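Peer 1: I'd like to ask some things about the structure below.
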Amino acid sequence: MGWSLFLSNFLHSSSCPLVVTDKSKLLKCPKLPLQQRREQHGNKKTSKVVAYHGLHRPPYKLDALEPYMSRRTLEIHWGEHHRDYVEGLNKQIGKNDVLFGYTLEELVKVSYNNGNPFAEFNNAAQVWNHDFFWESMQPGGGNMPILGVLQQIEKDFGSFDNFKEKFIGLALTLFGSGWVWLVLKRNEKRLEVVKTTNAVNPLVWDDIPIICLDMWEHAYYLDYKNDKGRYVNVFMNHLVSWNAAMSRMARAQAFVNLGEPKIPVA
């Protein structure tokens, strides 16, 4: 996969970083070409858009993660919960399309509004989070990363075991619902494990996500009931996609110079 595709899919910094209390002020943002066309054409009516963001399927069959994550869990988690977030977001944008024209990543950053989120933030972030979560797993996943990803983890955490212990520890101490992430910190130029509550994700702090784990109850209850420890360990040992992590690290190096070790492009 070439760098051009990496770059075209990667995170874009928001061009409207200030906190605003009136969403109409976002109309000045150059990320909204639709609004520019509105200003040029006045109040001329156009065809109604009925869908702005789509429901993306996981990159594997719904039963491909068994026995570690059941088809039934995917049917409910992806087919119902994830779908509800997509439909909810589209309804919100349909009622007031001030935020129409942003990519999903840009929409997450802008609607977060520097900690004063708009109503659209929860659905936008949850759609992004779930897309990223499905891609953070693969059939036959788990075990240890290889090559540069492993070297970077060892450099930043001391050892893979230290990283794994920290990731699991944060997951088990997360209060309520949320997410656990391996991220690349842009300014510090290092990997770190962070946890977020509810729908918040590291994009809002300009961190670069590498992998994530959904710690909302609907992600694990059907398969593991209240045994969060077993769920988290199964994710690390059998589900996490280090192939996805390697690709994301390669993209990240276009923005953050990590020096050695070099992360090979798959």
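Starting from 1 in every chain, residues are counted up; chains themselves are A, B, ... following the order of the structure tokens, and ligands are numbered from 1 as listed.
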What's the 9 Å shell around A:His130, counting only C-alpha atoms, without same-chain residues fewer than 6 positions away, as a PDB file with all heavy atoms, in the first residue's frame?
Peer 2:
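Here's the written file around_29.pdb:
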```pdb
ATOM      1  N   TRP A  78     -22.328  -4.460  16.270  1.00  0.00           N
ATOM      2  CA  TRP A  78     -22.190  -3.755  14.999  1.00  0.00           C
ATOM      3  C   TRP A  78     -23.551  -3.493  14.355  1.00  0.00           C
ATOM      4  O   TRP A  78     -23.848  -2.368  13.942  1.00  0.00           O
ATOM      5  CB  TRP A  78     -21.309  -4.551  14.032  1.00  0.00           C
ATOM      6  CG  TRP A  78     -21.323  -3.979  12.646  1.00  0.00           C
ATOM      7  CD1 TRP A  78     -20.658  -2.857  12.210  1.00  0.00           C
ATOM      8  CD2 TRP A  78     -22.051  -4.472  11.519  1.00  0.00           C
ATOM      9  NE1 TRP A  78     -20.926  -2.619  10.887  1.00  0.00           N
ATOM     10  CE2 TRP A  78     -21.783  -3.601  10.425  1.00  0.00           C
ATOM     11  CE3 TRP A  78     -22.900  -5.555  11.315  1.00  0.00           C
ATOM     12  CZ2 TRP A  78     -22.343  -3.791   9.168  1.00  0.00           C
ATOM     13  CZ3 TRP A  78     -23.443  -5.755  10.054  1.00  0.00           C
ATOM     14  CH2 TRP A  78     -23.165  -4.880   9.005  1.00  0.00           C
ATOM     15  N   HIS A  82     -23.828   0.068  16.666  1.00  0.00           N
ATOM     16  CA  HIS A  82     -23.078   0.882  15.711  1.00  0.00           C
ATOM     17  C   HIS A  82     -24.032   1.515  14.697  1.00  0.00           C
ATOM     18  O   HIS A  82     -23.920   2.709  14.367  1.00  0.00           O
ATOM     19  CB  HIS A  82     -22.034   0.001  15.014  1.00  0.00           C
ATOM     20  CG  HIS A  82     -21.040   0.762  14.199  1.00  0.00           C
ATOM     21  ND1 HIS A  82     -19.941   0.156  13.615  1.00  0.00           N
ATOM     22  CD2 HIS A  82     -20.971   2.060  13.812  1.00  0.00           C
ATOM     23  CE1 HIS A  82     -19.252   1.055  12.946  1.00  0.00           C
ATOM     24  NE2 HIS A  82     -19.859   2.216  13.038  1.00  0.00           N
ATOM     25  N   ASP A 214     -12.858  -1.498  23.032  1.00  0.00           N
ATOM     26  CA  ASP A 214     -14.158  -0.998  23.485  1.00  0.00           C
ATOM     27  C   ASP A 214     -14.469  -1.609  24.850  1.00  0.00           C
ATOM     28  O   ASP A 214     -14.560  -2.827  24.990  1.00  0.00           O
ATOM     29  CB  ASP A 214     -15.229  -1.393  22.461  1.00  0.00           C
ATOM     30  CG  ASP A 214     -16.588  -0.758  22.736  1.00  0.00           C
ATOM     31  OD1 ASP A 214     -16.804  -0.260  23.850  1.00  0.00           O
ATOM     32  OD2 ASP A 214     -17.436  -0.782  21.816  1.00  0.00           O
TER      33      ASP A 214
END
```
Peer 1: Once DSSP has gone over the backbone, tell me which residues of stretch 111-263 of chain A are in strand (DSSP E or B), as an NGL selection string.
Peer 2: :A and (137 or 178-185 or 190-197 or 208-214 or 240)
Peer 1: Could the residues in this selection be saved with N, CA and C atoms as an mmCIF file, in the first residue's frame?
Peer 2:
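Contents of selection.cif, as written:
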```cif
data_model
loop_
_atom_site.group_PDB
_atom_site.id
_atom_site.type_symbol
_atom_site.label_atom_id
_atom_site.label_comp_id
_atom_site.auth_asym_id
_atom_site.auth_seq_id
_atom_site.Cartn_x
_atom_site.Cartn_y
_atom_site.Cartn_z
ATOM 1 N N MET A 137 -9.000 -5.413 15.269
ATOM 2 C CA MET A 137 -9.018 -6.859 15.504
ATOM 3 C C MET A 137 -8.904 -7.600 14.184
ATOM 4 N N GLY A 178 -16.279 3.276 28.330
ATOM 5 C CA GLY A 178 -15.231 4.024 27.646
ATOM 6 C C GLY A 178 -14.373 3.147 26.769
ATOM 7 N N TRP A 179 -13.150 3.603 26.540
ATOM 8 C CA TRP A 179 -12.244 2.981 25.587
ATOM 9 C C TRP A 179 -10.818 3.015 26.117
ATOM 10 N N VAL A 180 -10.004 2.043 25.686
ATOM 11 C CA VAL A 180 -8.573 2.043 25.989
ATOM 12 C C VAL A 180 -7.826 2.078 24.669
ATOM 13 N N TRP A 181 -6.779 2.902 24.607
ATOM 14 C CA TRP A 181 -6.090 3.162 23.352
ATOM 15 C C TRP A 181 -4.574 3.042 23.501
ATOM 16 N N LEU A 182 -3.944 2.519 22.481
ATOM 17 C CA LEU A 182 -2.512 2.729 22.286
ATOM 18 C C LEU A 182 -2.401 3.873 21.298
ATOM 19 N N VAL A 183 -1.733 4.948 21.700
ATOM 20 C CA VAL A 183 -1.651 6.130 20.856
ATOM 21 C C VAL A 183 -0.195 6.541 20.673
ATOM 22 N N LEU A 184 0.024 7.282 19.600
ATOM 23 C CA LEU A 184 1.302 7.949 19.404
ATOM 24 C C LEU A 184 1.117 9.413 19.763
ATOM 25 N N LYS A 185 1.864 9.871 20.753
ATOM 26 C CA LYS A 185 1.803 11.263 21.181
ATOM 27 C C LYS A 185 2.669 12.091 20.235
ATOM 28 N N ARG A 190 6.290 9.549 21.220
ATOM 29 C CA ARG A 190 6.381 8.260 21.876
ATOM 30 C C ARG A 190 4.995 7.642 21.938
ATOM 31 N N LEU A 191 4.980 6.315 22.130
ATOM 32 C CA LEU A 191 3.730 5.604 22.327
ATOM 33 C C LEU A 191 3.282 5.741 23.777
ATOM 34 N N GLU A 192 1.969 5.728 23.970
ATOM 35 C CA GLU A 192 1.420 5.764 25.323
ATOM 36 C C GLU A 192 0.077 5.049 25.317
ATOM 37 N N VAL A 193 -0.307 4.523 26.478
ATOM 38 C CA VAL A 193 -1.627 3.922 26.653
ATOM 39 C C VAL A 193 -2.492 4.916 27.411
ATOM 40 N N VAL A 194 -3.692 5.174 26.882
ATOM 41 C CA VAL A 194 -4.607 6.120 27.525
ATOM 42 C C VAL A 194 -5.997 5.503 27.552
ATOM 43 N N LYS A 195 -6.825 5.995 28.471
ATOM 44 C CA LYS A 195 -8.222 5.583 28.507
ATOM 45 C C LYS A 195 -9.101 6.818 28.384
ATOM 46 N N THR A 196 -10.259 6.638 27.770
ATOM 47 C CA THR A 196 -11.204 7.732 27.600
ATOM 48 C C THR A 196 -12.581 7.258 28.045
ATOM 49 N N THR A 197 -13.407 8.182 28.458
ATOM 50 C CA THR A 197 -14.748 7.839 28.912
ATOM 51 C C THR A 197 -15.778 8.136 27.839
ATOM 52 N N ILE A 208 -2.448 10.291 17.901
ATOM 53 C CA ILE A 208 -2.667 9.405 16.763
ATOM 54 C C ILE A 208 -2.989 8.004 17.284
ATOM 55 N N PRO A 209 -4.221 7.546 17.167
ATOM 56 C CA PRO A 209 -4.586 6.208 17.658
ATOM 57 C C PRO A 209 -3.914 5.107 16.850
ATOM 58 N N ILE A 210 -3.502 4.054 17.546
ATOM 59 C CA ILE A 210 -2.870 2.900 16.904
ATOM 60 C C ILE A 210 -3.740 1.662 17.045
ATOM 61 N N ILE A 211 -4.225 1.364 18.235
ATOM 62 C CA ILE A 211 -5.219 0.314 18.448
ATOM 63 C C ILE A 211 -6.168 0.786 19.544
ATOM 64 N N CYS A 212 -7.346 0.160 19.622
ATOM 65 C CA CYS A 212 -8.262 0.511 20.704
ATOM 66 C C CYS A 212 -9.079 -0.696 21.122
ATOM 67 N N LEU A 213 -9.595 -0.623 22.334
ATOM 68 C CA LEU A 213 -10.459 -1.655 22.894
ATOM 69 C C LEU A 213 -11.711 -1.006 23.449
ATOM 70 N N ASP A 214 -12.858 -1.498 23.032
ATOM 71 C CA ASP A 214 -14.158 -0.998 23.485
ATOM 72 C C ASP A 214 -14.469 -1.609 24.850
ATOM 73 N N VAL A 240 -6.359 -8.752 18.990
ATOM 74 C CA VAL A 240 -5.768 -7.495 18.540
ATOM 75 C C VAL A 240 -4.987 -7.701 17.240
#
```
Peer 1: Which residues come within 10 Å of A:Lys61, counting only C-alpha atoms, excluding same-chain residues fewer than 6 positions away, as a list in words?
Peer 2: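 Result of the neighbour search: Arg71, Leu74 and Pro139 of chain A.
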Peer 1: Keeping only all heavy atoms, take the residues you just selected and write them out as a CSV table (one decimal), in the first residue's frame.
Peer 2:
```
chain,number,residue,atom,x,y,z
A,71,ARG,N,-20.5,-14.4,16.8
A,71,ARG,CA,-21.3,-13.8,15.8
A,71,ARG,C,-22.4,-13.0,16.4
A,71,ARG,O,-22.8,-11.9,15.9
A,71,ARG,CB,-21.8,-14.9,14.8
A,71,ARG,CG,-22.7,-14.3,13.7
A,71,ARG,CD,-23.4,-15.4,12.9
A,71,ARG,NE,-24.1,-14.7,11.8
A,71,ARG,CZ,-23.7,-14.5,10.6
A,71,ARG,NH1,-22.5,-14.9,10.2
A,71,ARG,NH2,-24.5,-13.9,9.7
A,74,LEU,N,-21.3,-9.6,17.5
A,74,LEU,CA,-21.1,-8.7,16.3
A,74,LEU,C,-22.5,-8.3,15.7
A,74,LEU,O,-22.7,-7.1,15.3
A,74,LEU,CB,-20.3,-9.4,15.2
A,74,LEU,CG,-18.8,-9.2,15.3
A,74,LEU,CD1,-18.4,-7.8,14.9
A,74,LEU,CD2,-18.2,-9.6,16.6
A,139,PRO,N,-9.1,-12.0,12.6
A,139,PRO,CA,-9.0,-13.5,12.9
A,139,PRO,C,-7.6,-13.9,13.1
A,139,PRO,O,-6.7,-13.5,12.3
A,139,PRO,CB,-9.7,-14.1,11.7
A,139,PRO,CG,-10.5,-13.0,11.1
A,139,PRO,CD,-9.7,-11.7,11.4
```
Peer 1: Based on the backbone DSSP call, show me all residues of stretch 34-265 of chain A assigned helix (DSSP H, G or I), as a ChimeraX atom specification.
Peer 2: /A:34-41,71-95,97-99,104-115,121-135,147-157,160-172,202-205,217-219,221-224,228-239,242-252
Peer 1: Quick one: distance from atom CA of A:Gln151 to atom CA of A:Val256 in Å, one decimal?
Peer 2: 16.3 Å
Peer 1: Distance atom CA of A:Val86-atom CA of A:Met236, one decimal place?
Peer 2: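 We find that atom CA of A:Val86 and atom CA of A:Met236 lie 27.6 Å from each other.
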Peer 1: Which residues, written as JSON, numbers by chain, have at least one atom at most 12 Å from stretch 215-227 of chain A, with only C-alpha atoms counted and residues fewer than 2 positions away on the same chain left out?
Peer 2: {"A": [65, 66, 67, 68, 69, 70, 71, 72, 73, 74, 75, 76, 77, 78, 80, 81, 82, 126, 129, 130, 133, 134, 168, 170, 171, 172, 173, 174, 175, 176, 177, 178, 179, 180, 181, 195, 196, 197, 198, 199, 212, 213, 229, 230, 231, 232, 233, 234, 235]}
Peer 1: Could you jot down the atom CA of A:Asn243 to atom CA of A:Pro145 separation for me, Å, one decimal place?
Peer 2: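 Between atom CA of A:Asn243 and atom CA of A:Pro145 the gap works out to 7.9 Å.
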